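**Q** Structure below; questions to follow.
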Amino acid sequence: MADVDPTKSLNGLLNGIAQKVYYNNGEITEELLKNELFPDLAQEEFNALHEKMRGLLKSIAMADMDQPQLEAFLTAQTKKQGGVSTEQAAALSRFWKGQRGRVRESLLGQSRWEAGLRGLTWRVDLPTSASRGETASSPVALVELELGRTGEDSEFVCLEFDEAKVNQVLKKMADVQESIDSIVHRS
């Protein structure tokens, strides 16, 4: 039973580091992790373990290691002086196998400088008959873009297009498609 606690504690530490660093959970602190997971460990030893695991996770995440790369990296770490134990390597491997996609998405979200398109809605308003002999206006396309960054509120941009503007947009999109097709078919 004594072997289970260190493994669970190490898994908890890795999850805590991920919560703090990659998922922006401000409630997770080093003090909380030490008190909950390693209460009997000296502060200096915990700090060293925490920094080692955080550094290894950072290296693994920044390289977006697949399973063979991870195994080679961890094997090298177990053979290195001051590296990781086989139990720590196994815990890192299990953690990365389960969290790779989520950490990657978090890093991608944090690396975007500009807002991204979250949604798009549109409609076409048709004119009704004009009274007193006035001529009716032409149809109007209304487009609403929802823009935002992860973790922030959305901003909305509303665009109004008459028939000529819609045709210009469609022409530009056809030009873009033509350019993409020429690049794809060239390779």
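The way I read the labels, and the way they are meant: chains A, B, ... in the order of the structure tokens, residue 1 as the first residue of every chain, and ligand 1 as the first ligand shown, with later ones counted on from there.
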Hey, could you make a per-residue contact list for range 60-176 of chain A against range 31-51 of chain A with 12 Å as the cut-off, showing the nearest pair of atoms and its distance in Å to one decimal, counting only C-alpha atoms, sorted by chain and number, as a tab-separated table?
**A**
```
residue	atom	partner	partner_atom	distance
A:Gly82	CA	A:Ala48	CA	10.8
A:Gly83	CA	A:Leu49	CA	10.7
A:Val84	CA	A:Leu49	CA	9.7
A:Ser85	CA	A:Leu49	CA	11.5
A:Gln88	CA	A:Leu49	CA	10.2
```
**Q** Keeping only N, CA, C and O atoms, write the selected residues to a file as a short mmCIF file (atom, residue, chain, number, x, y, z; two decimals), in the first residue's frame.
**A**
```cif
data_model
loop_
_atom_site.label_atom_id
_atom_site.label_comp_id
_atom_site.auth_asym_id
_atom_site.auth_seq_id
_atom_site.Cartn_x
_atom_site.Cartn_y
_atom_site.Cartn_z
N GLY A 82 20.80 12.55 -12.06
CA GLY A 82 19.84 13.55 -11.57
C GLY A 82 18.55 13.57 -12.38
O GLY A 82 17.77 14.51 -12.28
N GLY A 83 18.35 12.54 -13.18
CA GLY A 83 17.14 12.45 -14.01
C GLY A 83 15.96 11.97 -13.20
O GLY A 83 15.81 12.31 -12.03
N VAL A 84 15.12 11.17 -13.82
CA VAL A 84 13.91 10.68 -13.15
C VAL A 84 14.01 9.19 -12.88
O VAL A 84 14.76 8.48 -13.54
N SER A 85 13.25 8.75 -11.90
CA SER A 85 13.18 7.32 -11.61
C SER A 85 12.24 6.66 -12.62
O SER A 85 11.51 7.33 -13.34
N GLN A 88 8.71 7.63 -11.86
CA GLN A 88 8.38 8.98 -12.32
C GLN A 88 8.19 8.99 -13.84
O GLN A 88 7.28 9.64 -14.36
#
```
**Q** Taking only residues of range 88-132 of chain A that have an atom at most 10 Å from an atom of range 160-167 of chain A, what is each one's shortest atom pair and its distance in Å to one decimal, using only C-alpha atoms, in chain and number order, as a Markdown table?
**A**
```
| residue | atom | partner | partner_atom | distance |
| --- | --- | --- | --- | --- |
| A:Trp122 | CA | A:Glu160 | CA | 9.7 |
| A:Arg123 | CA | A:Glu160 | CA | 9.9 |
| A:Val124 | CA | A:Phe161 | CA | 9.3 |
```
**Q** Using only C-alpha atoms, which of the listed residues (A:Glu87, A:Arg118, A:Val103, A:Lys172) sits closest to Ser9 in chain A?
**A**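 Nearest to Ser9 in chain A: A:Glu87.
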**Q** Identify, on the basis of only C-alpha atoms, every residue whose closest approach to range 70-77 of chain A does not exceed 9 Å; exclude the query and any residue fewer than 3 positions from it along the same chain; express the result as a VMD selection string.
**A** chain A and resid 60 65 to 67 80 to 86 89 to 90 92 to 93 96
**Q** Take the residues from that selection and write them out as an mmCIF file, in the first residue's frame, keeping N, CA and C atoms.
**A**
```cif
data_model
loop_
_atom_site.group_PDB
_atom_site.id
_atom_site.type_symbol
_atom_site.label_atom_id
_atom_site.label_comp_id
_atom_site.auth_asym_id
_atom_site.auth_seq_id
_atom_site.Cartn_x
_atom_site.Cartn_y
_atom_site.Cartn_z
ATOM 1 N N ILE A 60 8.138 18.288 -22.739
ATOM 2 C CA ILE A 60 7.277 17.340 -23.446
ATOM 3 C C ILE A 60 6.179 18.092 -24.211
ATOM 4 N N MET A 65 5.318 15.857 -27.990
ATOM 5 C CA MET A 65 5.865 14.522 -28.234
ATOM 6 C C MET A 65 4.777 13.484 -28.448
ATOM 7 N N ASP A 66 4.997 12.661 -29.470
ATOM 8 C CA ASP A 66 4.127 11.506 -29.643
ATOM 9 C C ASP A 66 4.680 10.388 -28.749
ATOM 10 N N GLN A 67 4.021 9.241 -28.724
ATOM 11 C CA GLN A 67 4.400 8.186 -27.782
ATOM 12 C C GLN A 67 5.832 7.675 -27.991
ATOM 13 N N LYS A 80 20.035 9.426 -17.125
ATOM 14 C CA LYS A 80 20.794 10.649 -16.874
ATOM 15 C C LYS A 80 21.001 10.846 -15.378
ATOM 16 N N GLN A 81 22.189 11.330 -15.003
ATOM 17 C CA GLN A 81 22.471 11.655 -13.602
ATOM 18 C C GLN A 81 21.522 12.769 -13.151
ATOM 19 N N GLY A 82 20.798 12.548 -12.060
ATOM 20 C CA GLY A 82 19.838 13.546 -11.573
ATOM 21 C C GLY A 82 18.554 13.565 -12.377
ATOM 22 N N GLY A 83 18.347 12.538 -13.181
ATOM 23 C CA GLY A 83 17.143 12.452 -14.012
ATOM 24 C C GLY A 83 15.956 11.969 -13.205
ATOM 25 N N VAL A 84 15.121 11.167 -13.816
ATOM 26 C CA VAL A 84 13.911 10.684 -13.150
ATOM 27 C C VAL A 84 14.011 9.190 -12.879
ATOM 28 N N SER A 85 13.248 8.750 -11.902
ATOM 29 C CA SER A 85 13.181 7.316 -11.606
ATOM 30 C C SER A 85 12.245 6.658 -12.622
ATOM 31 N N THR A 86 12.271 5.339 -12.663
ATOM 32 C CA THR A 86 11.385 4.632 -13.589
ATOM 33 C C THR A 86 9.922 4.858 -13.216
ATOM 34 N N ALA A 89 9.026 8.264 -14.549
ATOM 35 C CA ALA A 89 8.904 8.178 -16.004
ATOM 36 C C ALA A 89 7.571 7.539 -16.389
ATOM 37 N N ALA A 90 7.184 6.487 -15.663
ATOM 38 C CA ALA A 90 5.906 5.825 -15.946
ATOM 39 C C ALA A 90 4.745 6.770 -15.672
ATOM 40 N N LEU A 92 4.822 10.089 -15.791
ATOM 41 C CA LEU A 92 4.833 11.098 -16.854
ATOM 42 C C LEU A 92 4.231 10.540 -18.143
ATOM 43 N N SER A 93 4.562 9.300 -18.456
ATOM 44 C CA SER A 93 4.039 8.664 -19.663
ATOM 45 C C SER A 93 2.517 8.515 -19.593
ATOM 46 N N TRP A 96 0.880 12.034 -19.854
ATOM 47 C CA TRP A 96 0.928 12.622 -21.197
ATOM 48 C C TRP A 96 -0.009 11.889 -22.150
#
```
**Q** Excluding same-chain residues fewer than 3 positions from Glu155 in chain A, what lies within 7 Å of it counting only C-alpha atoms, as a ChimeraX atom specification?
**A** /A:146-148
**Q** Restricting it to N, CA, C and O atoms, dump the selection as a tab-separated table (two decimals), in the first residue's frame.
**A**
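Just written: part-v7.tsv:
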```
chain	number	residue	atom	x	y	z
A	146	GLU	N	-19.13	36.24	-34.88
A	146	GLU	CA	-18.81	36.18	-33.46
A	146	GLU	C	-17.31	35.92	-33.35
A	146	GLU	O	-16.80	34.90	-33.80
A	147	LEU	N	-16.59	36.88	-32.75
A	147	LEU	CA	-15.14	36.79	-32.62
A	147	LEU	C	-14.75	36.75	-31.16
A	147	LEU	O	-15.40	37.36	-30.32
A	148	GLY	N	-13.67	36.03	-30.85
A	148	GLY	CA	-13.21	36.01	-29.47
A	148	GLY	C	-12.03	35.10	-29.27
A	148	GLY	O	-11.66	34.32	-30.14
```
**Q** Excluding Leu145 in chain A and its own-chain neighbours fewer than 4 positions away, which residues fall within 7 Å of it when counting only C-alpha atoms? Please give them as a ChimeraX atom specification.
**A** /A:119-121,156-158
**Q** Residues as selected, C-alpha atoms, written as a PDB file, in the first residue's frame, can you do that?
**A**
```
ATOM      1  CA  GLY A 119     -19.496  31.640 -35.080  1.00  0.00           C
ATOM      2  CA  LEU A 120     -21.249  33.064 -38.095  1.00  0.00           C
ATOM      3  CA  THR A 121     -24.924  33.718 -38.708  1.00  0.00           C
ATOM      4  CA  PHE A 156     -19.894  40.665 -32.558  1.00  0.00           C
ATOM      5  CA  VAL A 157     -19.381  42.333 -35.930  1.00  0.00           C
ATOM      6  CA  CYS A 158     -22.400  42.951 -38.143  1.00  0.00           C
TER       7      CYS A 158
END
```
